[in-house]
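> Structure file model_38.csv (CSV, C-alpha atoms) is given on the next line.
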```csv
chain,number,residue,atom,x,y,z
G,17,MET,CA,-39.0,27.5,60.5
G,18,LYS,CA,-36.8,30.3,61.8
G,19,LYS,CA,-34.2,29.5,64.3
G,20,LYS,CA,-34.7,30.8,67.8
G,21,ILE,CA,-32.5,33.9,68.5
G,22,ARG,CA,-31.3,33.8,72.1
G,23,ASN,CA,-29.7,37.2,72.2
G,24,SER,CA,-30.4,40.4,70.2
G,25,ALA,CA,-27.8,42.1,68.1
G,26,LYS,CA,-27.7,44.8,70.7
G,27,ASP,CA,-27.0,42.3,73.5
G,28,ILE,CA,-24.2,40.7,71.5
G,29,HIS,CA,-22.7,44.1,70.6
G,30,THR,CA,-22.8,45.2,74.3
G,31,ALA,CA,-21.2,42.0,75.4
G,32,TRP,CA,-18.3,42.5,72.9
G,33,GLU,CA,-17.9,46.1,74.1
G,34,ARG,CA,-17.7,45.1,77.7
G,35,TYR,CA,-15.1,42.4,76.9
G,36,LEU,CA,-12.9,44.8,75.0
G,37,ASN,CA,-13.0,47.2,77.9
G,38,HIS,CA,-12.0,44.5,80.5
G,39,GLN,CA,-15.5,44.7,82.1
G,40,SER,CA,-17.0,41.4,80.8
G,41,SER,CA,-18.7,38.8,82.9
G,42,ASP,CA,-19.1,35.1,82.2
G,43,ASP,CA,-22.6,35.8,80.9
G,44,ASP,CA,-21.1,38.2,78.3
G,45,LEU,CA,-18.7,35.5,77.0
G,46,PHE,CA,-21.6,32.9,76.8
G,47,THR,CA,-23.7,35.5,75.0
G,48,ILE,CA,-20.9,35.9,72.3
G,49,SER,CA,-20.4,32.1,72.1
G,50,ASP,CA,-24.2,31.3,72.0
G,51,SER,CA,-24.6,33.7,69.0
G,52,LEU,CA,-22.5,31.4,66.8
G,53,ASN,CA,-25.2,29.2,65.3
G,54,GLY,CA,-25.4,26.9,62.3
G,55,GLU,CA,-22.4,27.1,60.0
G,56,ASP,CA,-20.7,29.6,62.2
G,57,ARG,CA,-20.9,27.4,65.2
G,58,ALA,CA,-19.6,24.5,63.3
G,59,LEU,CA,-16.7,26.7,62.2
G,60,PHE,CA,-16.2,27.7,65.9
G,61,ASP,CA,-16.1,24.0,66.9
G,62,ARG,CA,-13.6,23.0,64.2
G,63,ILE,CA,-11.3,26.0,65.0
G,64,SER,CA,-11.5,25.5,68.8
G,65,GLU,CA,-10.4,21.9,68.5
G,66,ARG,CA,-7.5,22.7,66.3
G,67,GLU,CA,-6.4,25.8,68.2
G,68,TRP,CA,-6.6,24.1,71.6
G,69,GLU,CA,-4.3,21.3,70.3
G,70,LEU,CA,-1.8,23.8,69.0
G,71,SER,CA,-2.0,25.8,72.2
G,72,GLU,CA,-0.9,22.8,74.2
G,73,ASP,CA,2.4,22.6,72.3
G,74,ALA,CA,3.0,26.3,71.7
G,75,LYS,CA,5.2,28.4,74.0
G,76,LEU,CA,3.0,31.4,75.1
G,77,ARG,CA,5.1,34.6,75.0
G,78,ASP,CA,4.2,38.3,75.2
G,79,THR,CA,0.6,37.4,76.2
G,80,GLU,CA,-0.5,40.9,76.9
G,81,ASP,CA,0.8,42.1,73.4
G,82,ILE,CA,-1.1,39.2,71.8
G,83,ARG,CA,-4.3,40.0,73.6
G,84,ASN,CA,-4.1,43.7,72.6
G,85,GLN,CA,-3.5,42.7,69.0
G,86,TYR,CA,-6.7,40.6,69.0
G,87,ARG,CA,-8.7,43.2,70.8
G,88,GLU,CA,-7.8,45.6,68.0
G,89,GLU,CA,-9.0,43.1,65.4
G,90,ALA,CA,-12.2,42.6,67.4
G,91,LYS,CA,-12.8,46.4,67.5
G,92,LYS,CA,-12.6,46.4,63.7
G,93,LEU,CA,-15.2,43.7,63.6
G,94,ILE,CA,-17.4,45.7,65.9
G,95,ARG,CA,-17.2,48.7,63.7
G,96,LYS,CA,-18.1,46.6,60.6
G,97,TYR,CA,-21.1,45.2,62.5
G,98,GLU,CA,-22.5,48.6,63.4
G,99,LYS,CA,-26.0,49.1,62.1
G,100,PRO,CA,-25.8,50.4,58.5
G,101,LYS,CA,-27.0,54.0,58.1
G,102,ILE,CA,-29.0,53.2,54.9
G,103,ALA,CA,-32.6,52.9,53.9
G,104,ASP,CA,-34.6,49.8,55.0
G,105,THR,CA,-34.8,48.0,51.7
G,106,SER,CA,-34.6,44.3,50.9
G,107,GLN,CA,-31.2,44.9,49.3
G,108,SER,CA,-29.8,46.6,52.3
G,109,LEU,CA,-31.3,44.0,54.7
G,110,GLY,CA,-29.6,41.3,52.7
G,111,LYS,CA,-26.3,43.1,52.9
G,112,HIS,CA,-26.8,43.5,56.6
G,113,ARG,CA,-27.5,39.8,57.0
G,114,ARG,CA,-24.4,38.9,55.1
G,115,LEU,CA,-22.4,41.3,57.2
G,116,ARG,CA,-23.8,39.8,60.3
G,117,LYS,CA,-22.9,36.3,59.2
G,118,TYR,CA,-19.3,37.5,58.4
G,119,PHE,CA,-19.1,39.0,61.9
G,120,TYR,CA,-20.1,35.8,63.7
G,121,ALA,CA,-17.7,33.6,61.7
G,122,ALA,CA,-14.8,36.0,62.2
G,123,ALA,CA,-15.7,36.6,65.8
G,124,SER,CA,-15.3,32.9,66.5
G,125,VAL,CA,-11.6,33.1,65.5
G,126,VAL,CA,-11.1,36.3,67.5
G,127,ILE,CA,-12.7,35.1,70.7
G,128,LEU,CA,-10.7,31.9,70.6
G,129,ALA,CA,-7.4,33.8,70.1
G,130,MET,CA,-8.2,36.1,73.0
G,131,LEU,CA,-9.2,33.3,75.4
G,132,ILE,CA,-6.6,30.6,74.7
G,133,PRO,CA,-3.5,32.6,75.9
G,134,VAL,CA,-4.9,32.7,79.4
G,135,GLY,CA,-6.1,29.1,79.3
G,136,TYR,CA,-9.8,30.0,79.4
G,137,LEU,CA,-11.8,28.2,76.6
G,138,LEU,CA,-15.5,28.2,76.8
G,139,PHE,CA,-16.0,25.4,74.4
G,140,ASN,CA,-13.8,22.5,73.3
G,141,GLY,CA,-15.7,20.7,70.6
G,142,LYS,CA,-19.3,20.2,71.9
G,143,GLU,CA,-18.4,20.0,75.5
G,144,GLN,CA,-18.6,23.1,77.7
G,145,GLN,CA,-15.7,23.6,80.2
G,146,PRO,CA,-16.4,24.2,83.8
G,147,ASP,CA,-17.1,27.8,84.8
G,148,ILE,CA,-13.8,29.1,86.3
G,149,ARG,CA,-13.7,32.4,88.2
G,150,TYR,CA,-10.5,34.4,88.0
G,151,ILE,CA,-9.3,36.3,91.1
G,152,THR,CA,-6.9,39.3,91.2
G,153,ILE,CA,-5.0,40.4,94.3
G,154,SER,CA,-2.8,43.5,94.5
G,155,SER,CA,-0.6,45.4,96.9
G,156,GLU,CA,-0.6,49.2,97.2
G,157,MET,CA,2.5,51.4,97.1
G,158,GLY,CA,4.4,51.0,100.3
G,159,GLU,CA,2.5,47.7,101.1
G,160,ILE,CA,3.7,44.1,101.4
G,161,LYS,CA,1.0,41.5,101.2
G,162,ASP,CA,1.1,37.7,102.0
G,163,PHE,CA,-1.4,35.3,100.4
G,164,VAL,CA,-2.1,31.6,99.9
G,165,LEU,CA,-3.2,30.2,96.5
G,166,PRO,CA,-5.8,27.4,96.1
G,167,ASP,CA,-3.0,24.7,95.9
G,168,SER,CA,-1.5,26.0,99.2
G,169,THR,CA,1.3,27.8,97.4
G,170,LYS,CA,2.4,30.8,99.5
G,171,ILE,CA,3.0,34.1,97.8
G,172,SER,CA,4.2,37.5,99.0
G,173,LEU,CA,3.6,40.7,96.9
G,174,ASN,CA,6.0,43.6,97.1
G,175,ALA,CA,4.7,47.1,96.8
G,176,GLY,CA,2.7,47.9,93.6
G,177,SER,CA,2.3,44.2,92.5
G,178,ILE,CA,-0.6,42.2,91.0
G,179,VAL,CA,-1.3,38.5,90.8
G,180,LYS,CA,-4.2,36.9,88.8
G,181,TYR,CA,-5.1,33.2,89.3
G,182,PRO,CA,-8.1,30.9,88.8
G,183,SER,CA,-10.3,30.0,91.8
G,184,VAL,CA,-9.5,26.3,91.0
G,185,PHE,CA,-6.4,24.9,89.3
G,186,SER,CA,-8.4,22.4,87.2
G,187,GLY,CA,-6.2,21.9,84.2
G,188,GLU,CA,-2.8,20.2,83.6
G,189,LYS,CA,-1.0,23.3,84.8
G,190,ARG,CA,-1.3,25.7,87.8
G,191,MET,CA,-1.1,28.9,85.8
G,192,VAL,CA,-0.9,32.4,87.2
G,193,GLU,CA,-0.2,35.9,85.8
G,194,MET,CA,1.7,38.6,87.6
G,195,SER,CA,3.3,42.0,87.4
G,196,GLY,CA,5.5,43.7,90.0
G,197,GLU,CA,7.6,41.6,92.4
G,198,VAL,CA,6.3,38.4,93.9
G,199,LEU,CA,8.0,35.7,96.1
G,200,PHE,CA,6.6,32.2,95.4
G,201,ASP,CA,6.9,29.2,97.8
G,202,VAL,CA,5.4,26.6,95.5
G,203,VAL,CA,3.8,23.4,96.8
G,204,SER,CA,5.3,20.4,94.9
G,205,ASN,CA,3.0,18.6,92.5
G,206,PRO,CA,5.0,16.8,89.7
G,207,ALA,CA,1.8,15.9,87.8
G,208,LYS,CA,0.7,19.6,87.6
G,209,PRO,CA,3.6,22.1,87.0
G,210,PHE,CA,3.3,25.6,88.4
G,211,VAL,CA,3.6,28.3,85.6
G,212,VAL,CA,4.0,32.1,86.0
G,213,LEU,CA,3.4,34.4,83.0
G,214,THR,CA,4.9,37.9,83.2
G,215,ASP,CA,6.1,40.5,80.8
G,216,GLY,CA,7.7,38.3,78.1
G,217,MET,CA,8.7,35.4,80.4
G,218,GLU,CA,7.1,32.0,81.1
G,219,ILE,CA,8.4,30.5,84.4
G,220,LYS,CA,7.9,26.8,85.0
G,221,VAL,CA,8.5,24.9,88.3
G,222,LEU,CA,7.4,21.8,90.2
G,223,GLY,CA,8.1,22.8,93.8
G,224,THR,CA,10.5,25.6,94.8
G,225,VAL,CA,11.1,29.0,96.3
G,226,PHE,CA,11.9,31.8,93.9
G,227,ASP,CA,11.4,35.6,93.5
G,228,VAL,CA,10.2,37.3,90.3
G,229,LYS,CA,10.7,41.0,89.8
G,230,ALA,CA,9.0,42.2,86.6
G,231,TYR,CA,7.6,45.7,87.0
G,232,LYS,CA,6.2,47.2,83.8
G,233,GLU,CA,8.1,50.4,84.3
G,234,ASP,CA,11.5,48.7,84.8
G,235,ALA,CA,13.8,47.9,81.9
G,236,THR,CA,15.1,44.7,83.6
G,237,ALA,CA,13.3,41.7,84.9
G,238,LEU,CA,14.8,39.3,87.5
G,239,VAL,CA,14.1,35.7,88.4
G,240,SER,CA,16.1,34.7,91.6
G,241,VAL,CA,16.0,31.1,92.8
G,242,VAL,CA,16.2,30.4,96.6
G,243,SER,CA,15.7,26.6,96.4
G,244,GLY,CA,14.8,24.0,93.8
G,245,LYS,CA,14.9,24.4,90.0
G,246,VAL,CA,13.2,26.9,87.7
G,247,SER,CA,12.9,27.0,83.9
G,248,VAL,CA,12.5,30.5,82.5
G,249,ASP,CA,11.4,30.7,78.9
G,250,VAL,CA,12.1,34.0,77.1
G,251,LYS,CA,12.0,34.9,73.5
G,252,ASP,CA,15.2,33.2,72.4
G,253,GLY,CA,14.7,30.0,74.4
G,254,PRO,CA,14.6,28.6,78.0
G,255,VAL,CA,17.1,29.0,80.8
G,256,LEU,CA,17.4,26.5,83.7
G,257,LEU,CA,18.1,28.0,87.1
G,258,GLY,CA,19.1,26.3,90.4
G,259,LYS,CA,19.7,27.5,93.9
G,260,ASP,CA,21.4,30.9,94.1
G,261,GLU,CA,21.1,31.5,90.4
G,262,GLN,CA,19.4,34.5,88.7
G,263,LEU,CA,18.2,35.4,85.2
G,264,ARG,CA,18.5,39.1,84.4
G,265,TYR,CA,16.4,39.8,81.3
G,266,ASP,CA,16.7,43.2,79.5
G,267,LYS,CA,13.3,43.7,78.1
G,268,SER,CA,14.3,46.6,75.8
G,269,ILE,CA,16.8,44.5,73.8
G,270,MET,CA,15.5,41.1,74.8
G,271,ALA,CA,18.9,40.1,76.1
G,272,LYS,CA,19.4,37.6,79.0
G,273,GLU,CA,22.2,36.9,81.5
G,274,LYS,CA,22.5,34.0,84.0
G,275,LEU,CA,24.3,34.9,87.2
G,276,THR,CA,25.4,33.3,90.5
G,277,ILE,CA,24.0,35.4,93.4
G,278,ASP,CA,23.1,35.2,97.1
G,279,ALA,CA,19.4,34.8,96.6
G,280,GLU,CA,18.5,35.7,100.2
G,281,LYS,CA,19.7,39.2,99.5
G,282,TYR,CA,17.0,39.6,96.9
G,283,LEU,CA,14.4,38.7,99.6
G,284,LEU,CA,15.4,41.5,102.0
G,285,TRP,CA,12.4,43.5,100.8
G,286,LYS,CA,10.2,41.1,102.8
G,287,SER,CA,11.6,42.8,106.0
G,288,GLY,CA,11.5,46.3,104.6
G,289,THR,CA,15.1,46.5,103.5
G,290,LEU,CA,16.1,48.0,100.2
G,291,TYR,CA,18.8,46.0,98.3
G,292,PHE,CA,20.6,47.3,95.2
G,293,HIS,CA,23.2,45.4,93.3
G,294,ARG,CA,24.5,47.3,90.2
G,295,THR,CA,20.9,48.6,89.8
G,296,PRO,CA,20.4,51.3,87.2
G,297,ILE,CA,19.5,54.6,88.8
G,298,GLN,CA,16.1,54.8,87.0
G,299,GLU,CA,15.1,51.5,88.6
G,300,VAL,CA,16.4,52.7,91.9
G,301,VAL,CA,14.1,55.7,91.6
G,302,ASN,CA,11.2,53.4,90.7
G,303,MET,CA,12.0,51.3,93.8
G,304,LEU,CA,12.0,54.3,96.1
G,305,ASN,CA,8.7,55.6,94.7
G,306,ARG,CA,7.1,52.2,95.4
G,307,HIS,CA,8.7,51.7,98.8
G,308,TYR,CA,8.1,55.1,100.2
G,309,LYS,CA,5.0,56.1,98.2
G,310,ALA,CA,7.2,59.0,97.0
G,311,ASN,CA,7.2,61.1,93.8
G,312,ILE,CA,10.9,61.1,92.7
G,313,ALA,CA,12.0,61.8,89.1
G,314,LEU,CA,15.3,62.1,87.2
G,315,GLN,CA,15.9,65.4,85.5
G,316,ASP,CA,16.1,65.2,81.8
G,317,GLY,CA,19.4,63.7,80.6
G,318,THR,CA,21.3,60.5,80.2
G,319,TYR,CA,22.3,58.6,83.4
G,320,PHE,CA,24.6,55.6,83.5
G,321,ASN,CA,24.9,55.3,87.3
G,322,LEU,CA,24.7,51.8,88.8
G,323,ILE,CA,23.8,51.7,92.6
G,324,SER,CA,24.8,49.0,95.1
G,325,GLY,CA,24.1,48.8,98.8
G,326,GLU,CA,21.6,47.9,101.5
G,327,HIS,CA,19.3,50.4,103.3
G,328,ASP,CA,17.7,48.9,106.4
G,329,ASN,CA,14.5,50.8,107.3
G,330,LYS,CA,16.2,54.1,106.8
G,331,SER,CA,14.3,57.3,105.9
G,332,LEU,CA,13.9,58.4,102.3
G,333,GLU,CA,16.2,61.4,102.9
G,334,SER,CA,18.9,59.2,104.4
G,335,VAL,CA,18.7,56.9,101.3
G,336,LEU,CA,18.8,59.8,98.9
G,337,THR,CA,21.8,61.3,100.7
G,338,SER,CA,23.7,58.0,100.5
G,339,ILE,CA,22.9,57.7,96.7
G,340,CYS,CA,24.0,61.2,96.0
G,341,TYR,CA,27.2,60.7,97.9
G,342,SER,CA,28.1,57.6,95.9
G,343,THR,CA,27.2,59.0,92.5
G,344,ASN,CA,27.9,62.8,92.7
G,345,LEU,CA,24.2,63.4,91.9
G,346,LYS,CA,22.2,66.0,93.7
G,347,TYR,CA,18.5,66.2,94.7
G,348,LYS,CA,16.1,69.0,95.3
G,349,LYS,CA,12.4,69.4,96.3
G,350,GLN,CA,10.4,71.0,93.5
G,351,GLY,CA,6.8,71.5,94.2
G,352,GLY,CA,5.3,68.2,95.3
G,353,LYS,CA,8.1,66.0,94.0
G,354,ILE,CA,11.8,65.3,94.4
G,355,VAL,CA,14.2,65.8,91.5
G,356,LEU,CA,17.5,64.0,91.1
G,357,TYR,CA,20.0,65.8,88.8
G,358,LYS,CA,23.6,65.9,87.8
```
Would you write out, as structure tokens, the structure that this file holds?

Amino acid sequence: MKKKIRNSAKDIHTAWERYLNHQSSDDDLFTISDSLNGEDRALFDRISEREWELSEDAKLRDTEDIRNQYREEAKKLIRKYEKPKIADTSQSLGKHRRLRKYFYAAASVVILAMLIPVGYLLFNGKEQQPDIRYITISSEMGEIKDFVLPDSTKISLNAGSIVKYPSVFSGEKRMVEMSGEVLFDVVSNPAKPFVVLTDGMEIKVLGTVFDVKAYKEDATALVSVVSGKVSVDVKDGPVLLGKDEQLRYDKSIMAKEKLTIDAEKYLLWKSGTLYFHRTPIQEVVNMLNRHYKANIALQDGTYFNLISGEHDNKSLESVLTSICYSTNLKYKKQGGKIVLYK
């Protein structure tokens, strides 16, 4: 007796394409998983149990790079699974069936690898995990947004920031992902640590107040602790931070530096104040673009200028004039943008 086919090859193919394009729904993920029958499903179960155990002990780093790598592998599988452009003979059908079986077996590995880094596993052995919905909140350029997470943790997003979190913190960790700059006021729960994943860093806390600045376009990421303790895990190991301590992480060379700071200064953005402390000029330009919704660029060349100072709700022109005075740089309006130059 033939096994019942729940989804057509076209349905499975479409589900994979939507997942690879970040457009998938929960139904798409179940479509892919449900397609793994017989030996392939047994393989899926064995791998899922082993990979889940390993993921509990592994330190997850560079999650976005890992996901992109597995998406590329999945795309290769999709191309192999495309309907063969050959005659409909028994030999070609047999080849197509073998190719289909290979696709399902390999797909089980790929889908696990893609889902585990964000803590989302559809199956663990034979038991199905609860359906968890992920929520994304973001702030526009020039906007500061306050929000409360499901565990009552308070967060504030600086301009151009994103936070992704589950609708329910149901596992052993309260895990969120972010990019940009976010202030976290974490509700204490020793039994369920709060974990932030961002741009090569994994930040673990129990209950504390800390600021994370990790914009994709900036070369440096900062973790500044206002109260409590924070563990920041980067590529070469963890760093423990306490009150008024900061980790500066140079993403380009993966170098870290632990500093003593006045953490409150790094929260001045909450009131609309710009604060620079030996900030590279390129990152200053990035901050101005986000804060003022401006279009500022550095003219081609090499710049080693480091900027320090506070600018309390001043106009863009006032800030640019101050920067140029302290650096001997100049600026000009060119078309629809502002150009800083030597």
> Write out as a PDB file with C-alpha atoms, keeping the file's coordinate frame each polymer residue whose atoms come within 8 Å of G:Leu345, counting all atoms listed in the file; drop sequence neighbours fewer than 5 positions from it.

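Written output follows (around_1.pdb):
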```pdb
ATOM      1  CA  ILE G 339      22.900  57.700  96.700  1.00  0.00           C
ATOM      2  CA  CYS G 340      24.000  61.200  96.000  1.00  0.00           C
ATOM      3  CA  LEU G 356      17.500  64.000  91.100  1.00  0.00           C
ATOM      4  CA  TYR G 357      20.000  65.800  88.800  1.00  0.00           C
ATOM      5  CA  LYS G 358      23.600  65.900  87.800  1.00  0.00           C
TER       6      LYS G 358
END
```
> Excluding G:Tyr231 and residues on its chain fewer than 3 positions from it, collect all residues at most 10 Å away from it, counting all atoms listed in the file, and give them as a ChimeraX atom specification.
/G:176-178,194-197,214-215,228,234-238,299,302-303
> To one decimal place, how far is atom CA of G:Lys189 from atom CA of G:Ala230 in Å?
21.5 Å
> Which distance in Å separates atom CA of G:Tyr150 and atom CA of G:Ala175, to one decimal?
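Atom CA of G:Ala175 lies at a distance of 21.7 Å from atom CA of G:Tyr150.
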> Work out how far atom CA of G:Ser155 is from atom CA of G:Ala271, in Å to one decimal.
29.0 Å
> Check the smallest atom-to-atom distance from each of G:Leu304, G:Asp266, G:Val242, G:Ser324 to G:Asp278 using all atoms listed in the file, then report the winner.
G:Val242
> Residues within 12 Å of G:Val198, please, as number ranges by chain. Count only C-alpha atoms; anything in the same chain fewer than 6 positions from it doesn't count.
G: 153-155, 160-163, 170-180, 192, 212-214, 225-231, 237-240, 282-283, 285-286
> Which residue gives the smallest distance to G:Lys309 among G:Lys353, G:Lys208, G:Lys281, G:Arg149, with only C-alpha atoms counted?
G:Lys353
> Which neighbours of G:Gly258 fall inside 12 Å, counting all atoms listed in the file, when residues of the same chain fewer than 5 positions from it are skipped, and could you give them as a list in words?
Val221, Thr224, Val225, Phe226, Val239, Ser240, Val241, Val242, Ser243, Gly244, Lys245, Val246, Ser247, Val248, Leu263, Lys274, Leu275, Thr276, Ile277, Asp278 and Ala279 of chain G
> Taking 3 positions as the minimum chain separation for residues in the same chain, which residues sit within 12 Å of stretch 183-185 of chain G when counting all atoms listed in the file? Answer as a count of residues only.
27
